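Trainee: Below is the file my_file.pdb, with PDB, C-alpha atoms, pLDDT in the B column.
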```pdb
ATOM      1  CA  MET A  23      64.376 176.921  36.273  1.00 37.00           C
ATOM      2  CA  THR A  24      63.912 180.266  37.908  1.00 41.00           C
ATOM      3  CA  THR A  25      65.904 181.096  40.980  1.00 46.00           C
ATOM      4  CA  GLN A  26      63.832 182.369  43.891  1.00 49.00           C
ATOM      5  CA  THR A  27      65.260 185.266  45.847  1.00 46.00           C
ATOM      6  CA  HIS A  28      65.219 185.759  49.604  1.00 45.00           C
ATOM      7  CA  GLU A  29      63.070 188.845  49.023  1.00 49.00           C
ATOM      8  CA  GLN A  30      60.398 186.729  47.303  1.00 52.00           C
ATOM      9  CA  ALA A  31      60.445 184.231  50.152  1.00 54.00           C
ATOM     10  CA  THR A  32      59.948 186.965  52.771  1.00 60.00           C
ATOM     11  CA  ALA A  33      56.818 188.243  51.005  1.00 85.00           C
ATOM     12  CA  PHE A  34      54.895 185.489  52.838  1.00 92.00           C
ATOM     13  CA  PRO A  35      54.468 184.658  56.519  1.00 92.00           C
ATOM     14  CA  THR A  36      57.005 182.247  57.952  1.00 92.00           C
ATOM     15  CA  PRO A  37      56.127 178.541  58.007  1.00 94.00           C
ATOM     16  CA  ALA A  38      55.985 178.679  61.830  1.00 92.00           C
ATOM     17  CA  GLN A  39      53.223 181.299  61.536  1.00 91.00           C
ATOM     18  CA  LEU A  40      51.176 179.066  59.223  1.00 90.00           C
ATOM     19  CA  LEU A  41      51.652 175.609  60.693  1.00 89.00           C
ATOM     20  CA  PRO A  42      50.292 174.184  63.936  1.00 84.00           C
ATOM     21  CA  HIS A  43      53.870 173.008  64.606  1.00 84.00           C
ATOM     22  CA  ALA A  44      56.652 174.466  66.712  1.00 85.00           C
ATOM     23  CA  GLY A  45      60.437 174.447  66.829  1.00 89.00           C
ATOM     24  CA  ARG A  46      62.164 171.549  65.100  1.00 91.00           C
ATOM     25  CA  ALA A  47      58.817 170.113  63.978  1.00 93.00           C
ATOM     26  CA  VAL A  48      58.744 172.773  61.217  1.00 95.00           C
ATOM     27  CA  TRP A  49      60.595 171.186  58.285  1.00 96.00           C
ATOM     28  CA  VAL A  50      60.080 173.900  55.651  1.00 97.00           C
ATOM     29  CA  ASP A  51      62.078 177.145  55.645  1.00 97.00           C
ATOM     30  CA  ALA A  52      60.142 179.565  53.415  1.00 97.00           C
ATOM     31  CA  ILE A  53      57.344 180.026  50.904  1.00 97.00           C
ATOM     32  CA  VAL A  54      58.371 181.387  47.506  1.00 97.00           C
ATOM     33  CA  ASP A  55      55.024 181.260  45.685  1.00 96.00           C
ATOM     34  CA  ASN A  56      51.386 180.624  46.507  1.00 95.00           C
ATOM     35  CA  THR A  57      48.516 180.592  44.011  1.00 93.00           C
ATOM     36  CA  ALA A  58      44.920 179.417  44.076  1.00 89.00           C
ATOM     37  CA  SER A  59      46.065 176.018  42.834  1.00 88.00           C
ATOM     38  CA  GLY A  60      49.171 175.339  44.912  1.00 94.00           C
ATOM     39  CA  ILE A  61      52.322 176.373  46.710  1.00 96.00           C
ATOM     40  CA  THR A  62      56.085 176.347  46.232  1.00 98.00           C
ATOM     41  CA  ALA A  63      58.331 176.282  49.290  1.00 98.00           C
ATOM     42  CA  LEU A  64      62.028 175.870  50.071  1.00 98.00           C
ATOM     43  CA  THR A  65      64.012 174.024  52.672  1.00 98.00           C
ATOM     44  CA  THR A  66      67.738 173.553  53.142  1.00 98.00           C
ATOM     45  CA  ILE A  67      68.999 170.327  54.678  1.00 98.00           C
ATOM     46  CA  THR A  68      71.100 171.021  57.780  1.00 97.00           C
ATOM     47  CA  SER A  69      72.340 169.070  60.766  1.00 97.00           C
ATOM     48  CA  ALA A  70      69.584 170.767  62.831  1.00 95.00           C
ATOM     49  CA  HIS A  71      66.911 168.642  61.113  1.00 96.00           C
ATOM     50  CA  PRO A  72      65.515 166.092  63.600  1.00 95.00           C
ATOM     51  CA  CYS A  73      66.029 163.212  61.133  1.00 97.00           C
ATOM     52  CA  PHE A  74      69.578 164.215  60.159  1.00 97.00           C
ATOM     53  CA  VAL A  75      72.207 161.457  60.068  1.00 98.00           C
ATOM     54  CA  ALA A  76      75.836 162.609  59.988  1.00 97.00           C
ATOM     55  CA  GLY A  77      77.561 161.762  56.721  1.00 96.00           C
ATOM     56  CA  ARG A  78      74.258 161.049  54.957  1.00 97.00           C
ATOM     57  CA  GLY A  79      71.771 163.885  55.472  1.00 98.00           C
ATOM     58  CA  VAL A  80      68.020 163.415  55.857  1.00 98.00           C
ATOM     59  CA  PRO A  81      66.370 160.185  54.653  1.00 98.00           C
ATOM     60  CA  ALA A  82      64.247 160.680  51.552  1.00 98.00           C
ATOM     61  CA  TRP A  83      61.141 159.318  53.274  1.00 97.00           C
ATOM     62  CA  ALA A  84      61.074 162.581  55.262  1.00 97.00           C
ATOM     63  CA  GLY A  85      59.985 164.226  52.015  1.00 97.00           C
ATOM     64  CA  ILE A  86      56.428 163.065  52.679  1.00 96.00           C
ATOM     65  CA  GLU A  87      56.228 165.321  55.751  1.00 96.00           C
ATOM     66  CA  MET A  88      57.824 168.209  53.833  1.00 97.00           C
ATOM     67  CA  MET A  89      55.112 167.832  51.179  1.00 97.00           C
ATOM     68  CA  ALA A  90      52.380 167.718  53.824  1.00 94.00           C
ATOM     69  CA  GLN A  91      53.710 170.836  55.552  1.00 94.00           C
ATOM     70  CA  ALA A  92      53.885 172.698  52.244  1.00 95.00           C
ATOM     71  CA  PHE A  93      50.272 171.914  51.517  1.00 92.00           C
ATOM     72  CA  ALA A  94      49.231 172.796  55.087  1.00 90.00           C
ATOM     73  CA  MET A  95      50.774 176.246  54.580  1.00 91.00           C
ATOM     74  CA  HIS A  96      48.838 176.596  51.314  1.00 89.00           C
ATOM     75  CA  ALA A  97      45.612 175.726  53.133  1.00 85.00           C
ATOM     76  CA  SER A  98      46.363 178.299  55.834  1.00 85.00           C
ATOM     77  CA  LEU A  99      47.007 181.023  53.260  1.00 87.00           C
ATOM     78  CA  SER A 100      43.962 180.044  51.181  1.00 79.00           C
ATOM     79  CA  HIS A 101      41.632 180.366  54.151  1.00 69.00           C
ATOM     80  CA  ALA A 102      43.098 183.476  55.701  1.00 57.00           C
ATOM     81  CA  ASP A 103      40.780 186.346  56.468  1.00 49.00           C
ATOM     82  CA  ASP A 104      43.852 188.544  56.427  1.00 43.00           C
ATOM     83  CA  LYS A 105      47.199 188.417  54.639  1.00 47.00           C
ATOM     84  CA  HIS A 106      48.948 186.701  57.557  1.00 49.00           C
ATOM     85  CA  GLY A 107      47.250 183.318  57.315  1.00 51.00           C
ATOM     86  CA  THR A 108      45.796 181.253  60.099  1.00 57.00           C
ATOM     87  CA  PRO A 109      47.251 177.892  61.084  1.00 64.00           C
ATOM     88  CA  ARG A 110      44.856 175.144  60.064  1.00 63.00           C
ATOM     89  CA  ARG A 111      44.846 171.736  61.655  1.00 74.00           C
ATOM     90  CA  GLY A 112      44.796 168.630  59.565  1.00 80.00           C
ATOM     91  CA  MET A 113      46.156 165.134  59.273  1.00 86.00           C
ATOM     92  CA  LEU A 114      48.307 163.377  56.753  1.00 88.00           C
ATOM     93  CA  LEU A 115      46.331 160.195  56.130  1.00 90.00           C
ATOM     94  CA  GLY A 116      48.724 158.560  53.717  1.00 88.00           C
ATOM     95  CA  THR A 117      50.508 158.656  50.422  1.00 90.00           C
ATOM     96  CA  ARG A 118      50.169 157.010  47.057  1.00 82.00           C
ATOM     97  CA  ARG A 119      53.211 156.044  45.039  1.00 89.00           C
ATOM     98  CA  TYR A 120      55.914 157.955  46.893  1.00 95.00           C
ATOM     99  CA  ARG A 121      58.892 157.707  44.560  1.00 97.00           C
ATOM    100  CA  SER A 122      62.316 159.058  45.341  1.00 97.00           C
ATOM    101  CA  GLN A 123      65.299 159.171  43.021  1.00 97.00           C
ATOM    102  CA  VAL A 124      67.613 159.478  46.020  1.00 98.00           C
ATOM    103  CA  ALA A 125      67.873 157.627  49.321  1.00 98.00           C
ATOM    104  CA  TRP A 126      69.045 160.725  51.220  1.00 98.00           C
ATOM    105  CA  PHE A 127      68.676 164.490  50.923  1.00 98.00           C
ATOM    106  CA  ALA A 128      72.304 165.564  51.337  1.00 97.00           C
ATOM    107  CA  GLU A 129      73.457 168.146  53.875  1.00 97.00           C
ATOM    108  CA  GLY A 130      73.474 171.594  52.289  1.00 97.00           C
ATOM    109  CA  ALA A 131      70.933 170.669  49.594  1.00 98.00           C
ATOM    110  CA  THR A 132      68.264 173.279  48.948  1.00 98.00           C
ATOM    111  CA  LEU A 133      65.014 171.540  48.070  1.00 98.00           C
ATOM    112  CA  THR A 134      62.069 173.111  46.276  1.00 98.00           C
ATOM    113  CA  ILE A 135      58.750 171.619  47.347  1.00 98.00           C
ATOM    114  CA  HIS A 136      55.658 171.921  45.142  1.00 98.00           C
ATOM    115  CA  ALA A 137      52.175 170.911  46.350  1.00 97.00           C
ATOM    116  CA  ALA A 138      48.837 171.316  44.561  1.00 95.00           C
ATOM    117  CA  ARG A 139      45.355 170.006  45.354  1.00 89.00           C
ATOM    118  CA  SER A 140      44.336 167.436  42.732  1.00 88.00           C
ATOM    119  CA  PHE A 141      40.878 166.645  44.136  1.00 83.00           C
ATOM    120  CA  GLY A 142      38.794 167.192  47.222  1.00 75.00           C
ATOM    121  CA  HIS A 143      37.489 170.281  48.900  1.00 68.00           C
ATOM    122  CA  ASP A 144      38.436 172.694  51.645  1.00 67.00           C
ATOM    123  CA  GLY A 145      37.702 171.475  55.133  1.00 67.00           C
ATOM    124  CA  GLY A 146      37.578 167.806  54.157  1.00 78.00           C
ATOM    125  CA  MET A 147      39.538 165.005  52.581  1.00 86.00           C
ATOM    126  CA  ALA A 148      41.748 165.905  49.636  1.00 86.00           C
ATOM    127  CA  ALA A 149      44.589 164.595  47.517  1.00 91.00           C
ATOM    128  CA  CYS A 150      47.600 166.720  46.680  1.00 94.00           C
ATOM    129  CA  ASP A 151      50.090 166.142  43.881  1.00 96.00           C
ATOM    130  CA  CYS A 152      53.540 166.929  45.215  1.00 97.00           C
ATOM    131  CA  ARG A 153      57.138 166.918  44.104  1.00 98.00           C
ATOM    132  CA  ILE A 154      60.512 167.859  45.514  1.00 98.00           C
ATOM    133  CA  GLU A 155      63.207 169.248  43.245  1.00 98.00           C
ATOM    134  CA  ARG A 156      66.897 169.886  43.672  1.00 98.00           C
ATOM    135  CA  ASP A 157      68.545 172.165  41.122  1.00 96.00           C
ATOM    136  CA  GLY A 158      65.498 171.815  38.850  1.00 96.00           C
ATOM    137  CA  THR A 159      65.534 167.998  38.855  1.00 98.00           C
ATOM    138  CA  ILE A 160      62.701 166.049  40.485  1.00 98.00           C
ATOM    139  CA  VAL A 161      64.143 163.967  43.320  1.00 98.00           C
ATOM    140  CA  ALA A 162      60.851 162.819  44.911  1.00 98.00           C
ATOM    141  CA  GLU A 163      57.172 162.851  44.006  1.00 98.00           C
ATOM    142  CA  SER A 164      53.915 161.572  45.405  1.00 97.00           C
ATOM    143  CA  THR A 165      50.237 162.096  45.884  1.00 96.00           C
ATOM    144  CA  ILE A 166      49.455 162.688  49.539  1.00 95.00           C
ATOM    145  CA  ILE A 167      46.037 162.234  51.103  1.00 92.00           C
ATOM    146  CA  ILE A 168      45.114 164.761  53.769  1.00 89.00           C
ATOM    147  CA  LEU A 169      42.163 165.595  55.960  1.00 87.00           C
ATOM    148  CA  GLU A 170      41.656 169.275  56.765  1.00 79.00           C
ATOM    149  CA  GLU A 171      39.604 170.554  59.658  1.00 74.00           C
ATOM    150  CA  SER A 172      36.774 172.738  58.425  1.00 64.00           C
ATOM    151  CA  ASP A 173      37.466 175.452  61.023  1.00 58.00           C
ATOM    152  CA  PRO A 174      40.904 176.882  61.900  1.00 49.00           C
TER     153      PRO A 174
END
```
Let me see whether you can do it: turn the structure in this file into structure tokens.
Mentor:
Amino acid sequence: MTTQTHEQATAFPTPAQLLPHAGRAVWVDAIVDNTASGITALTTITSAHPCFVAGRGVPAWAGIEMMAQAFAMHASLSHADDKHGTPRRGMLLGTRRYRSQVAWFAEGATLTIHAARSFGHDGGMAACDCRIERDGTIVAESTIIILEESDP
């Protein structure tokens, strides 16, 4: 496992700049890598998360939204006319086989979120293979089905 540095994460726009979300609706902290095939992002579980439960953390089912936001940021960067990205609207239609090895993402945990398009095309319906890791171990994985708007 390679450790991502803060400097690498700041090489990209912030998630709030790339998502059509605001405030506490943004559940991803930073992008650490983006390629033609997918994205890697980070988030740290804190008590500020809207789904946080004291003494437990964030329920693992929230990982589906983290995966969707990661892929939405990838779509924004992939379609950008400039290096800053343009928020793209889309919808999470569903998930196939969401599997989590944990019931909760513990407070203080730094999660690495990977999302890559497995089929579909830009501006339409697509499937994305996603996983969430903690300390290099997969703690959740799924295929999410999304619908992207064709125009930002």
Trainee: Have a look at atom CA of A:Gly60 and atom CA of A:Thr159 and let me know their distance in Å, one decimal.
Mentor: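 So the two atoms, atom CA of A:Gly60 and atom CA of A:Thr159, lie 18.9 Å apart.
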Trainee: Could you tell me which residues the PyMOL selection byres ((chain A and resi 79-94) around 8) returns for this structure, as a count of residues only?
Mentor: 48
Trainee: Can you pull out every residue within 7 Å of A:Ala52, counting all atoms listed in the file, but drop anything in the same chain fewer than 4 positions away, and send it as a ChimeraX atom specification?
Mentor: /A:31,36-37,63-65
Trainee: Hey, can you check how far atom CA of A:Phe141 sits from atom CA of A:Glu170?
Mentor: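 Pair atom CA of A:Phe141 / atom CA of A:Glu170 returns 12.9 Å.
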Trainee: What's the separation between atom CA of A:Ala38 and atom CA of A:Gln123, in Å to one decimal place?
Mentor: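 For atom CA of A:Ala38 relative to atom CA of A:Gln123, the distance reads 28.7 Å.
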Trainee: Would you pick out the contacts of A:Arg118 at 10 Å or less, using only C-alpha atoms, so that residues sharing its chain but fewer than 5 positions from it are not included, and give the list as number ranges by chain?
Mentor: A: 149, 151, 163-167
Trainee: Measuring atom to atom with all atoms listed in the file, identify which of A:Ala47, A:Ala148, A:Met113, A:Leu99 is nearest to A:Ala70.
Mentor: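 So, comparing all the options, the nearest one is A:Ala47.
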